[in-house]
Amino acid sequence: MQMLQRSWTPLMAAAFAVLAGLAAQPAAAEELAKDLFGAKKLPAVAAPQSIGFYSTGCFAGGVAIPMDGPYWEVMRPSRNRRWGHPAMIGLIEKLSRDAAADGWRGLLVGDISQPRGGPMLTGHASHQIGLDADIWLTPMSDKRLSPNQREKMSATLLVDEKTHLVKEALWTPQHALLLKRAASYKEVERILVNPGIKKKLCDTVKGDRAWLRKIRPFWGHDYHFHMRVGCQPGSPDCKRQEVTAPGDGCDQSLAWWFTDEPWRPAKNPDKPKAREMMTMASLPRGCQAVLDAPAPSSAEAATYYGGASIAASAPAAVQPPVAAPEPAITDGAGALPASANAFAATPEIGIPLPRPRPGN
């Protein structure tokens with residue numbers, strides 16, 4: 001009997017150790033916020049409201065820009081990132097009309113936000129509160145793109161990866177006019193472009209240069225520009241960005257981008273991105289209510305048409321726009337509150353100066 005007890009003692013000890021280890025394990029790991037928000041196919045039915053910061057937040061009352069408009073097409077539609085705060089969607093539609101009047105054939109609209117914002121499954125750190133949008137620096141062609149082309153067509157890279165300067169053969173005065181038009185809106189607080197594009201503007205823009213203050217250099221952004229709108233009325237929990245220094249930005253803050261420092265390899269290239277680790281506890285408290293809110297009956301029910309009608313069939317070529325009155329905000333089912341008007345004034349907010357390169 002003693003022998004039997006001695007022989008079982010190590011086995012029992014091992015078993016108890018395993019059980020103790022299991023008991024010490026934390027509960028199942030909390031689900032990642034990017035998976036929760038990425039799974040939502042439709043927006044939260046609520047008054048339009050952005051919650052948190054551009055890279056740590058969410059939004060309710062989102063609307064979608066139509067897949068096609070007279071002067072725009074949505075790219076990469078399978079990502080389902082054509083959603084935003086009504087002010088942002090209305091502004092994109094307005095930009096498309098104004099840019100067409102300036103001679104830009106039409107906008108290719110890239111990522112805006114997921115239906116309820118939040119961290120994205122892939123890609124951007126920002127675009128979380130419905131107030132960021134990517135616009136390609138490639139104009140529409142004279143024929144509408146097929147669904148397959150929208151998914152697979154490559155954008156035109158305007159900057160040389162070695163010199164970090166604009167490819168002169170590809171740059172046109174219309175690129176500058178498009179950026180100037182986007183920067184002209186009071187709602188727009190900053191526009192991110194590749195440092196080479198910023199330098200090109202600094203070297204060539206004559207006369208009024210005040211709008212260059214909104215054009216900020218940042219890594220990437222060599223085939224599109226990133227347009228950011230400020231916190232809108234009705235969003236008390238929206239966190240504003242830093243104020244920028246005065247001036248056109250064509251100074252030492254730009255010169256830094258043409259040194260070796262910004263382009264050195266990251267020290268920890270394998271370090272997980274913040275998006276990969278965010279849980280609901282990482283986001284503002286209000287984002288749980290956004291996640292739990294009911295959805296509209298369909299994407300069409302939450303699509304914003306503004307003052308522009310959707311073409312039933314694509315024209316052979318995009319024609320200059322006919323002047324039309326600004327869209328009115330009306331009462332009734334499906335109408336947007338006055339605070340969602342894309343043409344309402346927003347507070348003057350600044351733009352942060354360049355920061356050290358992210359670790360990944």
# chains A, B, ... in the order shown; residues from 1 in each chain; ligands from 1
>>> residues_around(residues="Asp102 in chain A", least_positions_apart="3", cutoff="12 Å", atoms="only C-alpha atoms", output="list in words")
Leu95, Ser96, Arg97, Asp98, Ala99, Arg105, Gly106, Pro173, Gln174, His175, Ala176, Leu177, Leu178, Leu179, Lys180, Arg181, Ala182, Gln319, Pro320 and Pro321 of chain A
>>> write_last_selection(atoms="all heavy atoms", output="compact mmCIF listing (two decimals), in the first residue's frame")
# COMPACT_ATOMS: atom_id res chain seq x y z
N LEU A 95 -17.49 68.45 -52.88
CA LEU A 95 -16.17 68.51 -53.49
C LEU A 95 -16.21 67.95 -54.91
O LEU A 95 -15.58 68.50 -55.82
CB LEU A 95 -15.16 67.73 -52.65
CG LEU A 95 -13.75 67.56 -53.26
CD1 LEU A 95 -13.08 68.92 -53.47
CD2 LEU A 95 -12.88 66.68 -52.36
N SER A 96 -16.97 66.89 -55.10
CA SER A 96 -17.02 66.29 -56.44
C SER A 96 -17.60 67.28 -57.45
O SER A 96 -17.11 67.36 -58.59
CB SER A 96 -17.85 65.00 -56.41
OG SER A 96 -19.24 65.26 -56.34
N ARG A 97 -18.61 68.03 -57.06
CA ARG A 97 -19.21 69.00 -57.97
C ARG A 97 -18.28 70.18 -58.21
O ARG A 97 -18.08 70.62 -59.35
CB ARG A 97 -20.55 69.48 -57.42
CG ARG A 97 -21.60 68.39 -57.25
CD ARG A 97 -22.97 68.97 -56.95
NE ARG A 97 -23.03 69.71 -55.69
CZ ARG A 97 -23.26 69.16 -54.51
NH1 ARG A 97 -23.44 67.85 -54.41
NH2 ARG A 97 -23.33 69.91 -53.43
N ASP A 98 -17.71 70.69 -57.13
CA ASP A 98 -16.82 71.85 -57.26
C ASP A 98 -15.56 71.51 -58.05
O ASP A 98 -15.08 72.30 -58.87
CB ASP A 98 -16.44 72.38 -55.88
CG ASP A 98 -17.62 73.01 -55.15
OD1 ASP A 98 -18.66 73.27 -55.80
OD2 ASP A 98 -17.51 73.24 -53.93
N ALA A 99 -15.01 70.32 -57.80
CA ALA A 99 -13.79 69.92 -58.51
C ALA A 99 -14.06 69.72 -59.99
O ALA A 99 -13.21 70.03 -60.84
CB ALA A 99 -13.24 68.64 -57.89
N ARG A 105 -11.94 65.59 -63.65
CA ARG A 105 -12.96 64.78 -64.30
C ARG A 105 -13.98 64.17 -63.33
O ARG A 105 -15.16 64.04 -63.63
CB ARG A 105 -12.30 63.66 -65.12
CG ARG A 105 -13.26 62.89 -65.98
CD ARG A 105 -12.55 61.83 -66.78
NE ARG A 105 -11.65 62.41 -67.77
CZ ARG A 105 -12.02 62.80 -68.99
NH1 ARG A 105 -13.29 62.69 -69.34
NH2 ARG A 105 -11.16 63.29 -69.83
N GLY A 106 -13.55 63.80 -62.17
CA GLY A 106 -14.45 63.20 -61.17
C GLY A 106 -13.63 62.50 -60.12
O GLY A 106 -12.48 62.10 -60.36
N PRO A 173 -1.47 70.73 -63.22
CA PRO A 173 -2.07 71.84 -62.47
C PRO A 173 -3.40 71.45 -61.83
O PRO A 173 -3.78 72.01 -60.80
CB PRO A 173 -2.25 72.93 -63.53
CG PRO A 173 -1.24 72.61 -64.59
CD PRO A 173 -1.15 71.12 -64.61
N GLN A 174 -4.11 70.48 -62.43
CA GLN A 174 -5.40 70.06 -61.88
C GLN A 174 -5.25 69.38 -60.52
O GLN A 174 -6.15 69.45 -59.68
CB GLN A 174 -6.11 69.12 -62.86
CG GLN A 174 -6.74 69.83 -64.06
CD GLN A 174 -5.71 70.39 -65.02
OE1 GLN A 174 -4.67 69.75 -65.27
NE2 GLN A 174 -5.98 71.58 -65.55
N HIS A 175 -4.10 68.72 -60.29
CA HIS A 175 -3.87 68.13 -58.97
C HIS A 175 -3.82 69.23 -57.90
O HIS A 175 -4.42 69.10 -56.83
CB HIS A 175 -2.54 67.35 -58.96
CG HIS A 175 -2.60 66.04 -59.68
ND1 HIS A 175 -2.08 65.87 -60.93
CD2 HIS A 175 -3.14 64.85 -59.32
CE1 HIS A 175 -2.28 64.62 -61.32
NE2 HIS A 175 -2.92 63.97 -60.36
N ALA A 176 -3.13 70.31 -58.22
CA ALA A 176 -3.04 71.42 -57.27
C ALA A 176 -4.40 72.06 -57.04
O ALA A 176 -4.76 72.41 -55.91
CB ALA A 176 -2.03 72.45 -57.77
N LEU A 177 -5.18 72.21 -58.12
CA LEU A 177 -6.50 72.81 -57.99
C LEU A 177 -7.42 71.94 -57.13
O LEU A 177 -8.22 72.46 -56.34
CB LEU A 177 -7.12 73.01 -59.38
CG LEU A 177 -6.59 74.18 -60.20
CD1 LEU A 177 -7.22 74.17 -61.59
CD2 LEU A 177 -6.88 75.51 -59.50
N LEU A 178 -7.32 70.61 -57.28
CA LEU A 178 -8.14 69.71 -56.48
C LEU A 178 -7.82 69.86 -55.00
O LEU A 178 -8.73 69.95 -54.15
CB LEU A 178 -7.93 68.27 -56.93
CG LEU A 178 -8.63 67.19 -56.11
CD1 LEU A 178 -10.15 67.34 -56.20
CD2 LEU A 178 -8.20 65.80 -56.57
N LEU A 179 -6.55 69.89 -54.67
CA LEU A 179 -6.15 70.02 -53.27
C LEU A 179 -6.54 71.40 -52.72
O LEU A 179 -6.97 71.51 -51.57
CB LEU A 179 -4.65 69.78 -53.14
CG LEU A 179 -4.20 68.34 -53.39
CD1 LEU A 179 -2.69 68.26 -53.57
CD2 LEU A 179 -4.65 67.43 -52.25
N LYS A 180 -6.40 72.41 -53.53
CA LYS A 180 -6.78 73.75 -53.10
C LYS A 180 -8.28 73.81 -52.83
O LYS A 180 -8.73 74.40 -51.83
CB LYS A 180 -6.40 74.79 -54.15
CG LYS A 180 -6.74 76.22 -53.73
CD LYS A 180 -6.29 77.23 -54.78
CE LYS A 180 -6.62 78.66 -54.31
NZ LYS A 180 -6.16 79.68 -55.31
N ARG A 181 -9.06 73.19 -53.70
CA ARG A 181 -10.51 73.20 -53.51
C ARG A 181 -10.89 72.48 -52.21
O ARG A 181 -11.71 72.96 -51.44
CB ARG A 181 -11.20 72.53 -54.70
CG ARG A 181 -12.70 72.37 -54.56
CD ARG A 181 -13.43 73.70 -54.47
NE ARG A 181 -13.43 74.42 -55.73
CZ ARG A 181 -14.06 75.57 -55.93
NH1 ARG A 181 -14.71 76.14 -54.93
NH2 ARG A 181 -14.01 76.19 -57.10
N ALA A 182 -10.28 71.32 -51.97
CA ALA A 182 -10.58 70.58 -50.74
C ALA A 182 -10.20 71.39 -49.51
O ALA A 182 -10.92 71.40 -48.50
CB ALA A 182 -9.85 69.24 -50.75
N GLN A 319 -19.48 65.41 -67.94
CA GLN A 319 -19.66 66.77 -68.42
C GLN A 319 -19.52 67.76 -67.28
O GLN A 319 -19.74 67.41 -66.12
CB GLN A 319 -21.05 66.91 -69.06
CG GLN A 319 -21.29 65.95 -70.21
CD GLN A 319 -20.34 66.17 -71.35
OE1 GLN A 319 -20.00 67.32 -71.65
NE2 GLN A 319 -19.91 65.11 -71.99
N PRO A 320 -19.17 69.00 -67.57
CA PRO A 320 -19.10 70.01 -66.50
C PRO A 320 -20.44 70.11 -65.80
O PRO A 320 -21.49 69.98 -66.43
CB PRO A 320 -18.77 71.31 -67.26
CG PRO A 320 -18.12 70.83 -68.53
CD PRO A 320 -18.79 69.53 -68.87
N PRO A 321 -20.45 70.33 -64.50
CA PRO A 321 -21.69 70.35 -63.74
C PRO A 321 -22.52 71.59 -64.02
O PRO A 321 -22.00 72.64 -64.37
CB PRO A 321 -21.20 70.33 -62.30
CG PRO A 321 -19.88 71.01 -62.36
CD PRO A 321 -19.28 70.59 -63.66
>>> residues_around(residues="Gly84 in chain A", least_positions_apart="3", cutoff="10 Å", atoms="only C-alpha atoms", output="PyMOL selection string")
chain A and resi 43+48+50+59-65+81+87-90+111-117+127-133+304
>>> write_last_selection(atoms="N, CA, C and O atoms", output="short mmCIF file (atom, residue, chain, number, x, y, z; two decimals), in the first residue's frame")
data_model
loop_
_atom_site.label_atom_id
_atom_site.label_comp_id
_atom_site.auth_asym_id
_atom_site.auth_seq_id
_atom_site.Cartn_x
_atom_site.Cartn_y
_atom_site.Cartn_z
N PRO A 43 -24.96 50.89 -40.24
CA PRO A 43 -24.67 51.86 -39.18
C PRO A 43 -25.60 51.74 -37.99
O PRO A 43 -26.57 50.98 -38.01
N PRO A 48 -26.60 61.70 -35.62
CA PRO A 48 -25.18 61.69 -35.99
C PRO A 48 -24.31 62.19 -34.85
O PRO A 48 -24.55 63.25 -34.29
N SER A 50 -20.01 61.77 -33.48
CA SER A 50 -18.66 61.18 -33.44
C SER A 50 -18.21 61.12 -31.99
O SER A 50 -18.38 62.08 -31.24
N PHE A 59 -18.62 56.10 -34.28
CA PHE A 59 -19.64 57.12 -34.54
C PHE A 59 -21.00 56.46 -34.78
O PHE A 59 -21.09 55.31 -35.21
N ALA A 60 -22.04 57.21 -34.47
CA ALA A 60 -23.41 56.76 -34.66
C ALA A 60 -24.07 57.61 -35.74
O ALA A 60 -23.58 58.69 -36.09
N GLY A 61 -25.18 57.13 -36.27
CA GLY A 61 -25.92 57.90 -37.26
C GLY A 61 -25.18 58.05 -38.57
O GLY A 61 -25.39 59.04 -39.29
N GLY A 62 -24.35 57.09 -38.90
CA GLY A 62 -23.58 57.17 -40.14
C GLY A 62 -24.45 56.98 -41.38
O GLY A 62 -25.51 56.37 -41.33
N VAL A 63 -24.00 57.56 -42.47
CA VAL A 63 -24.66 57.38 -43.76
C VAL A 63 -23.62 56.97 -44.79
O VAL A 63 -22.42 57.19 -44.61
N ALA A 64 -24.09 56.36 -45.88
CA ALA A 64 -23.18 55.90 -46.93
C ALA A 64 -23.23 56.86 -48.11
O ALA A 64 -24.29 57.41 -48.44
N ILE A 65 -22.10 57.05 -48.75
CA ILE A 65 -22.12 57.76 -50.02
C ILE A 65 -22.54 56.75 -51.09
O ILE A 65 -22.16 55.57 -51.04
N ARG A 81 -16.42 50.46 -46.73
CA ARG A 81 -15.90 51.60 -46.00
C ARG A 81 -16.35 52.93 -46.61
O ARG A 81 -15.62 53.92 -46.59
N ALA A 87 -21.97 65.01 -42.33
CA ALA A 87 -21.21 66.19 -42.74
C ALA A 87 -20.08 65.81 -43.69
O ALA A 87 -19.80 66.52 -44.66
N MET A 88 -19.42 64.68 -43.43
CA MET A 88 -18.33 64.24 -44.29
C MET A 88 -18.86 63.78 -45.65
O MET A 88 -18.33 64.15 -46.70
N ILE A 89 -19.93 63.00 -45.64
CA ILE A 89 -20.46 62.49 -46.90
C ILE A 89 -20.98 63.64 -47.76
O ILE A 89 -20.74 63.70 -48.97
N GLY A 90 -21.68 64.59 -47.13
CA GLY A 90 -22.15 65.75 -47.87
C GLY A 90 -21.01 66.55 -48.46
O GLY A 90 -21.11 67.08 -49.57
N ASP A 111 -11.27 54.84 -48.99
CA ASP A 111 -11.84 54.52 -47.68
C ASP A 111 -12.34 55.77 -46.96
O ASP A 111 -11.64 56.79 -46.91
N ILE A 112 -13.52 55.66 -46.37
CA ILE A 112 -14.03 56.69 -45.46
C ILE A 112 -14.02 56.05 -44.07
O ILE A 112 -13.06 56.20 -43.33
N SER A 113 -15.05 55.31 -43.72
CA SER A 113 -15.08 54.59 -42.44
C SER A 113 -15.94 53.34 -42.58
O SER A 113 -16.68 53.17 -43.55
N GLN A 114 -15.83 52.48 -41.59
CA GLN A 114 -16.75 51.36 -41.46
C GLN A 114 -18.12 51.91 -41.06
O GLN A 114 -18.22 53.07 -40.64
N PRO A 115 -19.19 51.11 -41.15
CA PRO A 115 -20.52 51.64 -40.86
C PRO A 115 -20.67 52.31 -39.49
O PRO A 115 -21.41 53.29 -39.37
N ARG A 116 -19.96 51.78 -38.49
CA ARG A 116 -20.03 52.38 -37.16
C ARG A 116 -18.66 52.88 -36.70
O ARG A 116 -18.45 53.15 -35.53
N GLY A 117 -17.75 52.99 -37.65
CA GLY A 117 -16.41 53.43 -37.32
C GLY A 117 -15.65 52.39 -36.53
O GLY A 117 -15.75 51.20 -36.80
N HIS A 127 -9.60 57.10 -39.29
CA HIS A 127 -10.87 56.79 -39.98
C HIS A 127 -11.88 56.14 -39.03
O HIS A 127 -12.76 55.41 -39.47
N GLN A 128 -11.79 56.41 -37.73
CA GLN A 128 -12.65 55.71 -36.77
C GLN A 128 -13.91 56.47 -36.37
O GLN A 128 -14.83 55.86 -35.82
N ILE A 129 -13.97 57.77 -36.63
CA ILE A 129 -15.13 58.54 -36.14
C ILE A 129 -15.94 59.17 -37.28
O ILE A 129 -16.72 60.08 -37.06
N GLY A 130 -15.72 58.69 -38.50
CA GLY A 130 -16.54 59.13 -39.63
C GLY A 130 -16.18 60.48 -40.19
O GLY A 130 -16.96 61.04 -40.98
N LEU A 131 -15.00 61.00 -39.84
CA LEU A 131 -14.61 62.35 -40.27
C LEU A 131 -13.32 62.35 -41.08
O LEU A 131 -12.70 63.40 -41.26
N ASP A 132 -12.91 61.18 -41.57
CA ASP A 132 -11.73 61.06 -42.43
C ASP A 132 -12.16 60.43 -43.76
O ASP A 132 -13.03 59.54 -43.77
N ALA A 133 -11.54 60.85 -44.85
CA ALA A 133 -11.83 60.24 -46.15
C ALA A 133 -10.59 60.28 -47.04
O ALA A 133 -9.84 61.27 -47.02
N TYR A 304 -26.90 58.52 -48.33
CA TYR A 304 -27.09 59.97 -48.38
C TYR A 304 -26.96 60.45 -49.82
O TYR A 304 -25.91 60.28 -50.45
#
>>> select_by_dssp(residues="range 40-275 of chain A", states="strand (DSSP E)", output="ChimeraX atom specification")
/A:49-53,56-60,63-64,68-69,72-74,83-84,107-109,132-136,188-193,215-217,224-229
>>> closest_residue(among="A:Pro139, A:Cys58, A:Cys238, A:Leu192", to="Ala100 in chain A", atoms="only C-alpha atoms")
A:Pro139
>>> residues_around(residues="His221 in chain A", least_positions_apart="4", cutoff="8 Å", atoms="only C-alpha atoms", output="list in words")
Leu192, Val193, Asn194, Phe225 and His226 of chain A
>>> write_last_selection(atoms="all heavy atoms", output="mmCIF file, in the first residue's frame")
data_model
loop_
_atom_site.group_PDB
_atom_site.id
_atom_site.type_symbol
_atom_site.label_atom_id
_atom_site.label_comp_id
_atom_site.auth_asym_id
_atom_site.auth_seq_id
_atom_site.Cartn_x
_atom_site.Cartn_y
_atom_site.Cartn_z
ATOM 1 N N LEU A 192 -3.786 65.358 -45.548
ATOM 2 C CA LEU A 192 -2.489 64.679 -45.542
ATOM 3 C C LEU A 192 -2.095 64.295 -46.953
ATOM 4 O O LEU A 192 -2.880 63.696 -47.696
ATOM 5 C CB LEU A 192 -2.543 63.428 -44.662
ATOM 6 C CG LEU A 192 -2.861 63.619 -43.180
ATOM 7 C CD1 LEU A 192 -2.845 62.269 -42.466
ATOM 8 C CD2 LEU A 192 -1.880 64.574 -42.527
ATOM 9 N N VAL A 193 -0.855 64.625 -47.319
ATOM 10 C CA VAL A 193 -0.295 64.245 -48.612
ATOM 11 C C VAL A 193 1.137 63.757 -48.397
ATOM 12 O O VAL A 193 1.727 63.974 -47.333
ATOM 13 C CB VAL A 193 -0.284 65.426 -49.606
ATOM 14 C CG1 VAL A 193 -1.691 65.918 -49.896
ATOM 15 C CG2 VAL A 193 0.594 66.570 -49.084
ATOM 16 N N ASN A 194 1.690 63.132 -49.394
ATOM 17 C CA ASN A 194 3.084 62.734 -49.332
ATOM 18 C C ASN A 194 3.975 63.983 -49.249
ATOM 19 O O ASN A 194 3.640 65.011 -49.849
ATOM 20 C CB ASN A 194 3.437 61.923 -50.582
ATOM 21 C CG ASN A 194 4.826 61.336 -50.530
ATOM 22 O OD1 ASN A 194 5.796 62.005 -50.862
ATOM 23 N ND2 ASN A 194 4.924 60.089 -50.120
ATOM 24 N N PHE A 225 -5.066 61.567 -51.294
ATOM 25 C CA PHE A 225 -4.938 62.504 -50.174
ATOM 26 C C PHE A 225 -5.992 62.163 -49.138
ATOM 27 O O PHE A 225 -7.047 61.598 -49.446
ATOM 28 C CB PHE A 225 -5.024 63.965 -50.625
ATOM 29 C CG PHE A 225 -6.353 64.418 -51.164
ATOM 30 C CD1 PHE A 225 -7.312 64.983 -50.331
ATOM 31 C CD2 PHE A 225 -6.644 64.340 -52.523
ATOM 32 C CE1 PHE A 225 -8.531 65.430 -50.823
ATOM 33 C CE2 PHE A 225 -7.857 64.782 -53.031
ATOM 34 C CZ PHE A 225 -8.809 65.325 -52.175
ATOM 35 N N HIS A 226 -5.683 62.484 -47.901
ATOM 36 C CA HIS A 226 -6.527 62.168 -46.758
ATOM 37 C C HIS A 226 -7.158 63.470 -46.287
ATOM 38 O O HIS A 226 -6.460 64.383 -45.840
ATOM 39 C CB HIS A 226 -5.648 61.541 -45.668
ATOM 40 C CG HIS A 226 -6.341 61.224 -44.384
ATOM 41 N ND1 HIS A 226 -6.055 60.102 -43.653
ATOM 42 C CD2 HIS A 226 -7.295 61.880 -43.670
ATOM 43 C CE1 HIS A 226 -6.789 60.073 -42.557
ATOM 44 N NE2 HIS A 226 -7.560 61.154 -42.551
#
>>> closest_residue(among="A:Phe37, A:Ala46, A:Cys250, A:Asp260", to="Ala293 in chain A", atoms="only C-alpha atoms")
A:Ala46
>>> closest_residue(among="A:Leu121, A:Leu36, A:Val74, A:Met227", to="Pro147 in chain A", atoms="only C-alpha atoms")
A:Val74
>>> closest_residue(among="A:Gly69, A:His224, A:Glu161, A:Trp83", to="Thr138 in chain A", atoms="only C-alpha atoms")
A:His224
>>> residues_around(residues="Ser298 in chain A", least_positions_apart="4", cutoff="10 Å", atoms="only C-alpha atoms", output="PyMOL selection string")
chain A and resi 41-43+302-303
>>> write_last_selection(atoms="N, CA, C and O atoms", output="short mmCIF file (atom, residue, chain, number, x, y, z; two decimals), in the first residue's frame")
data_model
loop_
_atom_site.label_atom_id
_atom_site.label_comp_id
_atom_site.auth_asym_id
_atom_site.auth_seq_id
_atom_site.Cartn_x
_atom_site.Cartn_y
_atom_site.Cartn_z
N LYS A 41 -22.28 45.49 -40.59
CA LYS A 41 -22.46 45.81 -42.00
C LYS A 41 -23.29 47.06 -42.23
O LYS A 41 -23.30 47.61 -43.33
N LEU A 42 -23.99 47.51 -41.19
CA LEU A 42 -24.85 48.68 -41.30
C LEU A 42 -24.60 49.61 -40.12
O LEU A 42 -24.10 49.18 -39.07
N PRO A 43 -24.96 50.89 -40.24
CA PRO A 43 -24.67 51.86 -39.18
C PRO A 43 -25.60 51.74 -37.99
O PRO A 43 -26.57 50.98 -38.01
N ALA A 302 -29.91 53.98 -45.56
CA ALA A 302 -28.98 54.89 -44.87
C ALA A 302 -28.01 55.52 -45.86
O ALA A 302 -26.92 55.94 -45.48
N THR A 303 -28.39 55.59 -47.12
CA THR A 303 -27.54 56.20 -48.14
C THR A 303 -27.91 57.67 -48.31
O THR A 303 -29.09 58.00 -48.42
#
